[in-house]
$ cat my_file10.cif   # mmCIF, N, CA and C atoms
data_input
loop_
_atom_site.label_atom_id
_atom_site.label_comp_id
_atom_site.auth_asym_id
_atom_site.auth_seq_id
_atom_site.Cartn_x
_atom_site.Cartn_y
_atom_site.Cartn_z
N MET T 1 0.84 -1.19 0.00
CA MET T 1 0.00 0.00 0.00
C MET T 1 0.88 1.25 0.00
N THR T 2 0.58 2.17 -0.90
CA THR T 2 1.34 3.40 -1.02
C THR T 2 0.81 4.44 -0.04
N SER T 3 1.72 5.11 0.63
CA SER T 3 1.29 6.17 1.54
C SER T 3 0.87 7.40 0.74
N LYS T 4 -0.03 8.16 1.30
CA LYS T 4 -0.52 9.38 0.66
C LYS T 4 0.35 10.55 1.08
N ILE T 5 0.41 11.56 0.21
CA ILE T 5 1.10 12.80 0.53
C ILE T 5 0.16 13.96 0.28
N ARG T 6 0.53 15.12 0.83
CA ARG T 6 -0.28 16.34 0.66
C ARG T 6 0.66 17.49 0.38
N ARG T 7 0.27 18.31 -0.58
CA ARG T 7 1.03 19.51 -0.92
C ARG T 7 0.07 20.68 -1.06
N ARG T 8 0.46 21.81 -0.45
CA ARG T 8 -0.25 23.08 -0.65
C ARG T 8 0.60 23.84 -1.66
N VAL T 9 -0.04 24.35 -2.70
CA VAL T 9 0.69 24.97 -3.80
C VAL T 9 0.08 26.34 -4.10
N VAL T 10 0.94 27.33 -4.28
CA VAL T 10 0.51 28.65 -4.73
C VAL T 10 1.14 28.87 -6.10
N VAL T 11 0.28 29.14 -7.08
CA VAL T 11 0.71 29.34 -8.46
C VAL T 11 0.56 30.81 -8.78
N LYS T 12 1.66 31.42 -9.24
CA LYS T 12 1.65 32.86 -9.55
C LYS T 12 1.87 33.06 -11.05
N GLY T 13 1.29 34.13 -11.56
CA GLY T 13 1.39 34.45 -12.98
C GLY T 13 0.04 34.93 -13.47
N ARG T 14 -0.27 34.68 -14.74
CA ARG T 14 -1.60 35.01 -15.28
C ARG T 14 -2.45 33.75 -15.12
N VAL T 15 -3.01 33.62 -13.91
CA VAL T 15 -3.73 32.39 -13.57
C VAL T 15 -5.18 32.64 -13.14
N GLN T 16 -5.61 33.87 -13.17
CA GLN T 16 -7.01 34.18 -12.91
C GLN T 16 -7.61 34.78 -14.18
N GLY T 17 -8.86 34.44 -14.44
CA GLY T 17 -9.54 34.93 -15.64
C GLY T 17 -9.17 34.13 -16.89
N VAL T 18 -8.53 32.97 -16.71
CA VAL T 18 -8.12 32.14 -17.85
C VAL T 18 -8.58 30.69 -17.66
N ALA T 19 -9.59 30.49 -16.82
CA ALA T 19 -10.17 29.17 -16.54
C ALA T 19 -9.16 28.22 -15.88
N PHE T 20 -8.20 28.77 -15.18
CA PHE T 20 -7.17 27.94 -14.55
C PHE T 20 -7.77 26.93 -13.57
N ARG T 21 -8.71 27.39 -12.73
CA ARG T 21 -9.30 26.49 -11.75
C ARG T 21 -10.07 25.35 -12.41
N ALA T 22 -10.83 25.66 -13.46
CA ALA T 22 -11.59 24.62 -14.15
C ALA T 22 -10.66 23.60 -14.80
N TYR T 23 -9.61 24.09 -15.44
CA TYR T 23 -8.63 23.17 -16.03
C TYR T 23 -7.93 22.36 -14.96
N ALA T 24 -7.60 23.00 -13.83
CA ALA T 24 -6.93 22.28 -12.74
C ALA T 24 -7.83 21.19 -12.18
N ARG T 25 -9.11 21.50 -11.99
CA ARG T 25 -10.05 20.49 -11.49
C ARG T 25 -10.14 19.32 -12.45
N SER T 26 -10.24 19.60 -13.73
CA SER T 26 -10.32 18.55 -14.74
C SER T 26 -9.05 17.68 -14.73
N ALA T 27 -7.89 18.33 -14.67
CA ALA T 27 -6.62 17.59 -14.65
C ALA T 27 -6.51 16.75 -13.39
N ALA T 28 -6.87 17.32 -12.24
CA ALA T 28 -6.76 16.59 -10.97
C ALA T 28 -7.68 15.36 -10.97
N ARG T 29 -8.86 15.52 -11.48
CA ARG T 29 -9.80 14.38 -11.53
C ARG T 29 -9.28 13.31 -12.48
N GLU T 30 -8.73 13.72 -13.61
CA GLU T 30 -8.18 12.77 -14.57
C GLU T 30 -6.96 12.04 -13.99
N ILE T 31 -6.10 12.77 -13.29
CA ILE T 31 -4.89 12.20 -12.69
C ILE T 31 -5.23 11.34 -11.48
N GLY T 32 -6.28 11.72 -10.78
CA GLY T 32 -6.68 10.97 -9.59
C GLY T 32 -6.15 11.54 -8.29
N VAL T 33 -6.13 12.87 -8.23
CA VAL T 33 -5.69 13.59 -7.03
C VAL T 33 -6.91 14.23 -6.38
N LEU T 34 -6.93 14.25 -5.07
CA LEU T 34 -8.03 14.87 -4.32
C LEU T 34 -7.58 16.22 -3.78
N GLY T 35 -8.57 17.08 -3.43
CA GLY T 35 -8.25 18.37 -2.83
C GLY T 35 -9.15 19.48 -3.34
N TRP T 36 -8.57 20.67 -3.50
CA TRP T 36 -9.33 21.83 -3.95
C TRP T 36 -8.42 22.86 -4.58
N VAL T 37 -9.02 23.83 -5.27
CA VAL T 37 -8.30 24.95 -5.88
C VAL T 37 -9.14 26.21 -5.69
N ARG T 38 -8.47 27.35 -5.46
CA ARG T 38 -9.19 28.62 -5.29
C ARG T 38 -8.32 29.78 -5.73
N ASN T 39 -8.98 30.89 -6.09
CA ASN T 39 -8.29 32.14 -6.36
C ASN T 39 -7.92 32.80 -5.05
N LEU T 40 -6.81 33.53 -5.05
CA LEU T 40 -6.41 34.35 -3.91
C LEU T 40 -6.53 35.81 -4.30
N PRO T 41 -6.76 36.69 -3.32
CA PRO T 41 -6.96 38.11 -3.62
C PRO T 41 -5.78 38.78 -4.34
N ASP T 42 -4.57 38.23 -4.21
CA ASP T 42 -3.40 38.85 -4.85
C ASP T 42 -3.23 38.46 -6.32
N GLY T 43 -4.17 37.68 -6.87
CA GLY T 43 -4.11 37.29 -8.27
C GLY T 43 -3.50 35.91 -8.50
N SER T 44 -3.04 35.28 -7.46
CA SER T 44 -2.50 33.93 -7.58
C SER T 44 -3.60 32.90 -7.33
N VAL T 45 -3.26 31.64 -7.49
CA VAL T 45 -4.17 30.54 -7.26
C VAL T 45 -3.54 29.60 -6.24
N GLU T 46 -4.33 29.15 -5.27
CA GLU T 46 -3.86 28.20 -4.26
C GLU T 46 -4.58 26.89 -4.46
N THR T 47 -3.87 25.79 -4.27
CA THR T 47 -4.48 24.48 -4.36
C THR T 47 -3.89 23.57 -3.31
N VAL T 48 -4.69 22.63 -2.85
CA VAL T 48 -4.22 21.58 -1.96
C VAL T 48 -4.42 20.27 -2.69
N LEU T 49 -3.35 19.49 -2.78
CA LEU T 49 -3.36 18.21 -3.47
C LEU T 49 -3.10 17.10 -2.47
N GLU T 50 -3.84 16.02 -2.58
CA GLU T 50 -3.62 14.88 -1.71
C GLU T 50 -3.81 13.60 -2.51
N GLY T 51 -2.88 12.66 -2.33
CA GLY T 51 -2.99 11.39 -3.03
C GLY T 51 -1.68 10.64 -3.05
N ASP T 52 -1.60 9.67 -3.94
CA ASP T 52 -0.39 8.88 -4.11
C ASP T 52 0.73 9.80 -4.59
N PRO T 53 1.96 9.59 -4.14
CA PRO T 53 3.07 10.46 -4.53
C PRO T 53 3.23 10.63 -6.04
N ASP T 54 3.10 9.55 -6.80
CA ASP T 54 3.26 9.66 -8.26
C ASP T 54 2.17 10.52 -8.88
N ARG T 55 0.96 10.39 -8.39
CA ARG T 55 -0.14 11.19 -8.94
C ARG T 55 -0.01 12.67 -8.55
N VAL T 56 0.40 12.91 -7.31
CA VAL T 56 0.63 14.29 -6.89
C VAL T 56 1.75 14.91 -7.72
N SER T 57 2.79 14.16 -8.00
CA SER T 57 3.89 14.66 -8.84
C SER T 57 3.39 15.02 -10.24
N LEU T 58 2.51 14.19 -10.80
CA LEU T 58 1.94 14.50 -12.11
C LEU T 58 1.14 15.80 -12.07
N MET T 59 0.39 15.99 -10.99
CA MET T 59 -0.41 17.22 -10.87
C MET T 59 0.48 18.43 -10.66
N LEU T 60 1.55 18.27 -9.91
CA LEU T 60 2.50 19.38 -9.73
C LEU T 60 3.10 19.77 -11.08
N ALA T 61 3.42 18.79 -11.90
CA ALA T 61 3.95 19.09 -13.24
C ALA T 61 2.91 19.85 -14.06
N TRP T 62 1.64 19.46 -13.96
CA TRP T 62 0.58 20.18 -14.67
C TRP T 62 0.51 21.62 -14.18
N LEU T 63 0.56 21.82 -12.86
CA LEU T 63 0.46 23.17 -12.30
C LEU T 63 1.60 24.06 -12.76
N LYS T 64 2.77 23.49 -12.93
CA LYS T 64 3.93 24.28 -13.39
C LYS T 64 3.76 24.72 -14.84
N LYS T 65 2.98 23.96 -15.61
CA LYS T 65 2.71 24.33 -17.00
C LYS T 65 1.49 25.25 -17.08
N GLY T 66 0.41 24.89 -16.38
CA GLY T 66 -0.78 25.72 -16.32
C GLY T 66 -1.79 25.48 -17.41
N SER T 67 -2.81 26.31 -17.42
CA SER T 67 -3.90 26.20 -18.38
C SER T 67 -3.47 26.78 -19.73
N PRO T 68 -4.19 26.41 -20.80
CA PRO T 68 -3.80 26.83 -22.15
C PRO T 68 -3.68 28.34 -22.35
N HIS T 69 -4.53 29.12 -21.68
CA HIS T 69 -4.52 30.57 -21.91
C HIS T 69 -3.83 31.34 -20.79
N GLY T 70 -3.29 30.63 -19.83
CA GLY T 70 -2.61 31.27 -18.70
C GLY T 70 -1.10 31.29 -18.88
N ARG T 71 -0.44 31.78 -17.86
CA ARG T 71 1.02 31.82 -17.83
C ARG T 71 1.46 31.62 -16.39
N VAL T 72 2.28 30.64 -16.15
CA VAL T 72 2.78 30.37 -14.80
C VAL T 72 4.17 30.97 -14.69
N ASP T 73 4.34 31.88 -13.70
CA ASP T 73 5.63 32.51 -13.46
C ASP T 73 6.38 31.87 -12.29
N ASP T 74 5.64 31.36 -11.31
CA ASP T 74 6.27 30.80 -10.11
C ASP T 74 5.31 29.82 -9.45
N VAL T 75 5.87 28.79 -8.84
CA VAL T 75 5.08 27.81 -8.11
C VAL T 75 5.75 27.58 -6.77
N VAL T 76 5.01 27.80 -5.69
CA VAL T 76 5.52 27.58 -4.34
C VAL T 76 4.84 26.32 -3.80
N ILE T 77 5.65 25.35 -3.38
CA ILE T 77 5.12 24.06 -2.92
C ILE T 77 5.47 23.87 -1.45
N ILE T 78 4.45 23.58 -0.64
CA ILE T 78 4.64 23.38 0.80
C ILE T 78 4.15 21.98 1.15
N GLU T 79 5.00 21.21 1.81
CA GLU T 79 4.61 19.87 2.27
C GLU T 79 3.73 20.00 3.50
N GLU T 80 2.66 19.22 3.54
CA GLU T 80 1.76 19.16 4.69
C GLU T 80 1.44 17.71 4.99
N LYS T 81 0.91 17.47 6.16
CA LYS T 81 0.51 16.13 6.55
C LYS T 81 -0.85 15.82 5.92
N PRO T 82 -0.99 14.66 5.27
CA PRO T 82 -2.27 14.30 4.66
C PRO T 82 -3.39 14.23 5.70
N SER T 83 -4.58 14.69 5.31
CA SER T 83 -5.71 14.67 6.22
C SER T 83 -6.65 13.50 5.93
N GLY T 84 -6.67 13.06 4.68
CA GLY T 84 -7.59 12.00 4.29
C GLY T 84 -9.04 12.42 4.28
N SER T 85 -9.27 13.72 4.27
CA SER T 85 -10.65 14.23 4.39
C SER T 85 -11.31 14.57 3.05
N PHE T 86 -10.61 14.39 1.94
CA PHE T 86 -11.17 14.76 0.65
C PHE T 86 -11.81 13.57 -0.04
N ALA T 87 -12.94 13.82 -0.71
CA ALA T 87 -13.62 12.79 -1.49
C ALA T 87 -13.54 13.08 -2.99
N ASP T 88 -13.11 14.29 -3.36
CA ASP T 88 -13.09 14.73 -4.75
C ASP T 88 -12.08 15.87 -4.87
N PHE T 89 -12.05 16.50 -6.02
CA PHE T 89 -11.25 17.71 -6.22
C PHE T 89 -12.23 18.80 -6.64
N ASP T 90 -12.31 19.86 -5.85
CA ASP T 90 -13.32 20.89 -6.06
C ASP T 90 -12.73 22.28 -6.26
N ILE T 91 -13.52 23.14 -6.84
CA ILE T 91 -13.21 24.57 -6.91
C ILE T 91 -13.87 25.22 -5.70
N VAL T 92 -13.09 26.00 -4.96
CA VAL T 92 -13.60 26.71 -3.78
C VAL T 92 -13.78 28.17 -4.15
N PHE T 93 -14.94 28.71 -3.85
CA PHE T 93 -15.22 30.13 -4.07
C PHE T 93 -15.22 30.81 -2.72
N ASP T 94 -14.38 31.84 -2.55
CA ASP T 94 -14.31 32.57 -1.30
C ASP T 94 -15.23 33.78 -1.35
N THR T 95 -15.58 34.28 -0.18
CA THR T 95 -16.50 35.40 -0.06
C THR T 95 -16.04 36.62 -0.84
N TRP T 96 -14.75 36.92 -0.81
CA TRP T 96 -14.25 38.13 -1.47
C TRP T 96 -14.50 38.11 -2.97
N GLU T 97 -14.64 36.93 -3.57
CA GLU T 97 -14.86 36.88 -5.01
C GLU T 97 -16.30 36.54 -5.39
N SER T 98 -17.21 36.56 -4.44
CA SER T 98 -18.59 36.17 -4.72
C SER T 98 -19.23 37.06 -5.79
N TRP T 99 -18.79 38.29 -5.89
CA TRP T 99 -19.34 39.18 -6.91
C TRP T 99 -19.01 38.70 -8.31
N ARG T 100 -17.94 37.89 -8.46
CA ARG T 100 -17.51 37.43 -9.77
C ARG T 100 -18.34 36.28 -10.30
N VAL T 101 -19.04 35.56 -9.44
CA VAL T 101 -19.75 34.36 -9.88
C VAL T 101 -21.24 34.61 -10.09
N ARG T 102 -21.68 35.83 -10.01
CA ARG T 102 -23.09 36.16 -10.23
C ARG T 102 -23.40 36.25 -11.69
#
$ encode --input "my_file10.cif" --output "structure tokens"
Amino acid sequence: MTSKIRRRVVVKGRVQGVAFRAYARSAAREIGVLGWVRNLPDGSVETVLEGDPDRVSLMLAWLKKGSPHGRVDDVVIIEEKPSGSFADFDIVFDTWESWRVR
């Protein structure tokens, strides 16, 4: 049995307004990684990935490349302890951006 890992990732560049979260969710589901993705107020995107090390590595590689219409300038990766609390990979909408989803 393979142990699970968890990574919190902040992606900087042109990653908002280019469907980055939707592409990330699609990629994560296809790869088989659990967690979530959200926009941050500073224009970056944050995601938490949890799963098998090989699958998380594949998703990290995807994040470094980014969505077709975006541009990734920097990726910050932080190791965290897996929680095992995720059942899927979701897009999280925060209160500060609620005006954008109307």
$ select_by_dssp --input "my_file10.cif" --residues "stretch 16-89 of chain T" --states "alpha helix (DSSP H)" --output "PyMOL selection string"
chain T and resi 20-31+53-65
$ write_last_selection --input "my_file10.cif" --atoms "N, CA and C atoms" --output "CSV table (one decimal), keeping the file's coordinate frame"
chain,number,residue,atom,x,y,z
T,20,PHE,N,-8.2,28.8,-15.2
T,20,PHE,CA,-7.2,27.9,-14.6
T,20,PHE,C,-7.8,26.9,-13.6
T,21,ARG,N,-8.7,27.4,-12.7
T,21,ARG,CA,-9.3,26.5,-11.8
T,21,ARG,C,-10.1,25.4,-12.4
T,22,ALA,N,-10.8,25.7,-13.5
T,22,ALA,CA,-11.6,24.6,-14.2
T,22,ALA,C,-10.7,23.6,-14.8
T,23,TYR,N,-9.6,24.1,-15.4
T,23,TYR,CA,-8.6,23.2,-16.0
T,23,TYR,C,-7.9,22.4,-15.0
T,24,ALA,N,-7.6,23.0,-13.8
T,24,ALA,CA,-6.9,22.3,-12.7
T,24,ALA,C,-7.8,21.2,-12.2
T,25,ARG,N,-9.1,21.5,-12.0
T,25,ARG,CA,-10.0,20.5,-11.5
T,25,ARG,C,-10.1,19.3,-12.4
T,26,SER,N,-10.2,19.6,-13.7
T,26,SER,CA,-10.3,18.6,-14.7
T,26,SER,C,-9.0,17.7,-14.7
T,27,ALA,N,-7.9,18.3,-14.7
T,27,ALA,CA,-6.6,17.6,-14.6
T,27,ALA,C,-6.5,16.8,-13.4
T,28,ALA,N,-6.9,17.3,-12.2
T,28,ALA,CA,-6.8,16.6,-11.0
T,28,ALA,C,-7.7,15.4,-11.0
T,29,ARG,N,-8.9,15.5,-11.5
T,29,ARG,CA,-9.8,14.4,-11.5
T,29,ARG,C,-9.3,13.3,-12.5
T,30,GLU,N,-8.7,13.7,-13.6
T,30,GLU,CA,-8.2,12.8,-14.6
T,30,GLU,C,-7.0,12.0,-14.0
T,31,ILE,N,-6.1,12.8,-13.3
T,31,ILE,CA,-4.9,12.2,-12.7
T,31,ILE,C,-5.2,11.3,-11.5
T,53,PRO,N,2.0,9.6,-4.1
T,53,PRO,CA,3.1,10.5,-4.5
T,53,PRO,C,3.2,10.6,-6.0
T,54,ASP,N,3.1,9.6,-6.8
T,54,ASP,CA,3.3,9.7,-8.3
T,54,ASP,C,2.2,10.5,-8.9
T,55,ARG,N,1.0,10.4,-8.4
T,55,ARG,CA,-0.1,11.2,-8.9
T,55,ARG,C,0.0,12.7,-8.6
T,56,VAL,N,0.4,12.9,-7.3
T,56,VAL,CA,0.6,14.3,-6.9
T,56,VAL,C,1.8,14.9,-7.7
T,57,SER,N,2.8,14.2,-8.0
T,57,SER,CA,3.9,14.7,-8.8
T,57,SER,C,3.4,15.0,-10.2
T,58,LEU,N,2.5,14.2,-10.8
T,58,LEU,CA,1.9,14.5,-12.1
T,58,LEU,C,1.1,15.8,-12.1
T,59,MET,N,0.4,16.0,-11.0
T,59,MET,CA,-0.4,17.2,-10.9
T,59,MET,C,0.5,18.4,-10.7
T,60,LEU,N,1.6,18.3,-9.9
T,60,LEU,CA,2.5,19.4,-9.7
T,60,LEU,C,3.1,19.8,-11.1
T,61,ALA,N,3.4,18.8,-11.9
T,61,ALA,CA,4.0,19.1,-13.2
T,61,ALA,C,2.9,19.8,-14.1
T,62,TRP,N,1.6,19.5,-14.0
T,62,TRP,CA,0.6,20.2,-14.7
T,62,TRP,C,0.5,21.6,-14.2
T,63,LEU,N,0.6,21.8,-12.9
T,63,LEU,CA,0.5,23.2,-12.3
T,63,LEU,C,1.6,24.1,-12.8
T,64,LYS,N,2.8,23.5,-12.9
T,64,LYS,CA,3.9,24.3,-13.4
T,64,LYS,C,3.8,24.7,-14.8
T,65,LYS,N,3.0,24.0,-15.6
T,65,LYS,CA,2.7,24.3,-17.0
T,65,LYS,C,1.5,25.2,-17.1
$ atom_distance --input "my_file10.cif" --atom1 "atom N of T:Pro53" --atom2 "atom N of T:Arg6"
7.6 Å
$ atom_distance --input "my_file10.cif" --atom1 "atom CA of T:Ala22" --atom2 "atom N of T:Asp52"
20.7 Å
$ resolve_selection --input "my_file10.cif" --expression "the PyMOL selection byres ((chain T and resi 74-84) around 7)" --output "list in words"
Lys4, Ile5, Arg6, Arg7, Arg8, Val9, Val10, Val11, Lys12, Gly13, Glu50, Leu63, Lys64, Arg71, Val72, Asp73, Ser85, Phe86 and Ala87 of chain T
$ select_by_dssp --input "my_file10.cif" --residues "chain T" --states "strand (DSSP E)" --output "PyMOL selection string"
chain T and resi 5-14+34-39+45-51+71-80+89-91
$ closest_residue --input "my_file10.cif" --among "T:Val33, T:Ser44, T:Ala19, T:Asn39" --to "T:Pro68" --atoms "all atoms listed in the file"
T:Ala19
$ closest_residue --input "my_file10.cif" --among "T:Ile91, T:Gly70, T:Leu60, T:Val48" --to "T:Ile31" --atoms "only C-alpha atoms"
T:Leu60
$ resolve_selection --input "my_file10.cif" --expression "the PyMOL selection byres (((chain T and resi 24 and name CA) around 10) and name CA)" --output "list in words"
Ala19, Phe20, Arg21, Ala22, Tyr23, Arg25, Ser26, Ala27, Ala28, Arg29, Glu30, Trp36, Val37, Thr47, Met59, Trp62, Leu63, Gly66, Ser67, Phe89, Asp90 and Ile91 of chain T
$ write_last_selection --input "my_file10.cif" --atoms "N, CA and C atoms" --output "mmCIF file, in the coordinates of the input"
data_model
loop_
_atom_site.group_PDB
_atom_site.id
_atom_site.type_symbol
_atom_site.label_atom_id
_atom_site.label_comp_id
_atom_site.auth_asym_id
_atom_site.auth_seq_id
_atom_site.Cartn_x
_atom_site.Cartn_y
_atom_site.Cartn_z
ATOM 1 N N ALA T 19 -9.590 30.490 -16.820
ATOM 2 C CA ALA T 19 -10.170 29.170 -16.540
ATOM 3 C C ALA T 19 -9.160 28.220 -15.880
ATOM 4 N N PHE T 20 -8.200 28.770 -15.180
ATOM 5 C CA PHE T 20 -7.170 27.940 -14.550
ATOM 6 C C PHE T 20 -7.770 26.930 -13.570
ATOM 7 N N ARG T 21 -8.710 27.390 -12.730
ATOM 8 C CA ARG T 21 -9.300 26.490 -11.750
ATOM 9 C C ARG T 21 -10.070 25.350 -12.410
ATOM 10 N N ALA T 22 -10.830 25.660 -13.460
ATOM 11 C CA ALA T 22 -11.590 24.620 -14.150
ATOM 12 C C ALA T 22 -10.660 23.600 -14.800
ATOM 13 N N TYR T 23 -9.610 24.090 -15.440
ATOM 14 C CA TYR T 23 -8.630 23.170 -16.030
ATOM 15 C C TYR T 23 -7.930 22.360 -14.960
ATOM 16 N N ARG T 25 -9.110 21.500 -11.990
ATOM 17 C CA ARG T 25 -10.050 20.490 -11.490
ATOM 18 C C ARG T 25 -10.140 19.320 -12.450
ATOM 19 N N SER T 26 -10.240 19.600 -13.730
ATOM 20 C CA SER T 26 -10.320 18.550 -14.740
ATOM 21 C C SER T 26 -9.050 17.680 -14.730
ATOM 22 N N ALA T 27 -7.890 18.330 -14.670
ATOM 23 C CA ALA T 27 -6.620 17.590 -14.650
ATOM 24 C C ALA T 27 -6.510 16.750 -13.390
ATOM 25 N N ALA T 28 -6.870 17.320 -12.240
ATOM 26 C CA ALA T 28 -6.760 16.590 -10.970
ATOM 27 C C ALA T 28 -7.680 15.360 -10.970
ATOM 28 N N ARG T 29 -8.860 15.520 -11.480
ATOM 29 C CA ARG T 29 -9.800 14.380 -11.530
ATOM 30 C C ARG T 29 -9.280 13.310 -12.480
ATOM 31 N N GLU T 30 -8.730 13.720 -13.610
ATOM 32 C CA GLU T 30 -8.180 12.770 -14.570
ATOM 33 C C GLU T 30 -6.960 12.040 -13.990
ATOM 34 N N TRP T 36 -8.570 20.670 -3.500
ATOM 35 C CA TRP T 36 -9.330 21.830 -3.950
ATOM 36 C C TRP T 36 -8.420 22.860 -4.580
ATOM 37 N N VAL T 37 -9.020 23.830 -5.270
ATOM 38 C CA VAL T 37 -8.300 24.950 -5.880
ATOM 39 C C VAL T 37 -9.140 26.210 -5.690
ATOM 40 N N THR T 47 -3.870 25.790 -4.270
ATOM 41 C CA THR T 47 -4.480 24.480 -4.360
ATOM 42 C C THR T 47 -3.890 23.570 -3.310
ATOM 43 N N MET T 59 0.390 15.990 -10.990
ATOM 44 C CA MET T 59 -0.410 17.220 -10.870
ATOM 45 C C MET T 59 0.480 18.430 -10.660
ATOM 46 N N TRP T 62 1.640 19.460 -13.960
ATOM 47 C CA TRP T 62 0.580 20.180 -14.670
ATOM 48 C C TRP T 62 0.510 21.620 -14.180
ATOM 49 N N LEU T 63 0.560 21.820 -12.860
ATOM 50 C CA LEU T 63 0.460 23.170 -12.300
ATOM 51 C C LEU T 63 1.600 24.060 -12.760
ATOM 52 N N GLY T 66 0.410 24.890 -16.380
ATOM 53 C CA GLY T 66 -0.780 25.720 -16.320
ATOM 54 C C GLY T 66 -1.790 25.480 -17.410
ATOM 55 N N SER T 67 -2.810 26.310 -17.420
ATOM 56 C CA SER T 67 -3.900 26.200 -18.380
ATOM 57 C C SER T 67 -3.470 26.780 -19.730
ATOM 58 N N PHE T 89 -12.050 16.500 -6.020
ATOM 59 C CA PHE T 89 -11.250 17.710 -6.220
ATOM 60 C C PHE T 89 -12.230 18.800 -6.640
ATOM 61 N N ASP T 90 -12.310 19.860 -5.850
ATOM 62 C CA ASP T 90 -13.320 20.890 -6.060
ATOM 63 C C ASP T 90 -12.730 22.280 -6.260
ATOM 64 N N ILE T 91 -13.520 23.140 -6.840
ATOM 65 C CA ILE T 91 -13.210 24.570 -6.910
ATOM 66 C C ILE T 91 -13.870 25.220 -5.700
#
$ atom_distance --input "my_file10.cif" --atom1 "atom C of T:Phe93" --atom2 "atom N of T:Pro41"
10.3 Å
$ closest_residue --input "my_file10.cif" --among "T:His69, T:Gly32, T:Val45, T:Asp54" --to "T:Val92" --atoms "only C-alpha atoms"
T:Val45
$ closest_residue --input "my_file10.cif" --among "T:Ser57, T:Asp88, T:Lys65, T:Gly17" --to "T:Gly43" --atoms "only C-alpha atoms"
T:Gly17
$ build_atoms --input "my_file10.cif" --residues "stretch 41-46 of chain T" --atoms "all heavy atoms" --output "tab-separated table (two decimals), keeping the file's coordinate frame"
chain	number	residue	atom	x	y	z
T	41	PRO	N	-6.76	36.69	-3.32
T	41	PRO	CA	-6.96	38.11	-3.62
T	41	PRO	C	-5.78	38.78	-4.34
T	41	PRO	O	-5.97	39.76	-5.03
T	41	PRO	CB	-7.17	38.75	-2.24
T	41	PRO	CG	-7.59	37.64	-1.35
T	41	PRO	CD	-6.96	36.40	-1.90
T	42	ASP	N	-4.57	38.23	-4.21
T	42	ASP	CA	-3.40	38.85	-4.85
T	42	ASP	C	-3.23	38.46	-6.32
T	42	ASP	O	-2.26	38.84	-6.96
T	42	ASP	CB	-2.13	38.52	-4.07
T	42	ASP	CG	-1.73	37.05	-4.13
T	42	ASP	OD1	-2.46	36.24	-4.75
T	42	ASP	OD2	-0.69	36.70	-3.54
T	43	GLY	N	-4.17	37.68	-6.87
T	43	GLY	CA	-4.11	37.29	-8.27
T	43	GLY	C	-3.50	35.91	-8.50
T	43	GLY	O	-3.47	35.43	-9.63
T	44	SER	N	-3.04	35.28	-7.46
T	44	SER	CA	-2.50	33.93	-7.58
T	44	SER	C	-3.60	32.90	-7.33
T	44	SER	O	-4.73	33.24	-7.02
T	44	SER	CB	-1.34	33.73	-6.61
T	44	SER	OG	-1.77	33.85	-5.27
T	45	VAL	N	-3.26	31.64	-7.49
T	45	VAL	CA	-4.17	30.54	-7.26
T	45	VAL	C	-3.54	29.60	-6.24
T	45	VAL	O	-2.35	29.30	-6.33
T	45	VAL	CB	-4.48	29.79	-8.57
T	45	VAL	CG1	-5.22	28.49	-8.30
T	45	VAL	CG2	-5.29	30.66	-9.51
T	46	GLU	N	-4.33	29.15	-5.27
T	46	GLU	CA	-3.86	28.20	-4.26
T	46	GLU	C	-4.58	26.89	-4.46
T	46	GLU	O	-5.78	26.86	-4.77
T	46	GLU	CB	-4.15	28.74	-2.86
T	46	GLU	CG	-3.74	27.79	-1.76
T	46	GLU	CD	-4.11	28.30	-0.38
T	46	GLU	OE1	-5.12	29.03	-0.26
T	46	GLU	OE2	-3.39	27.98	0.57
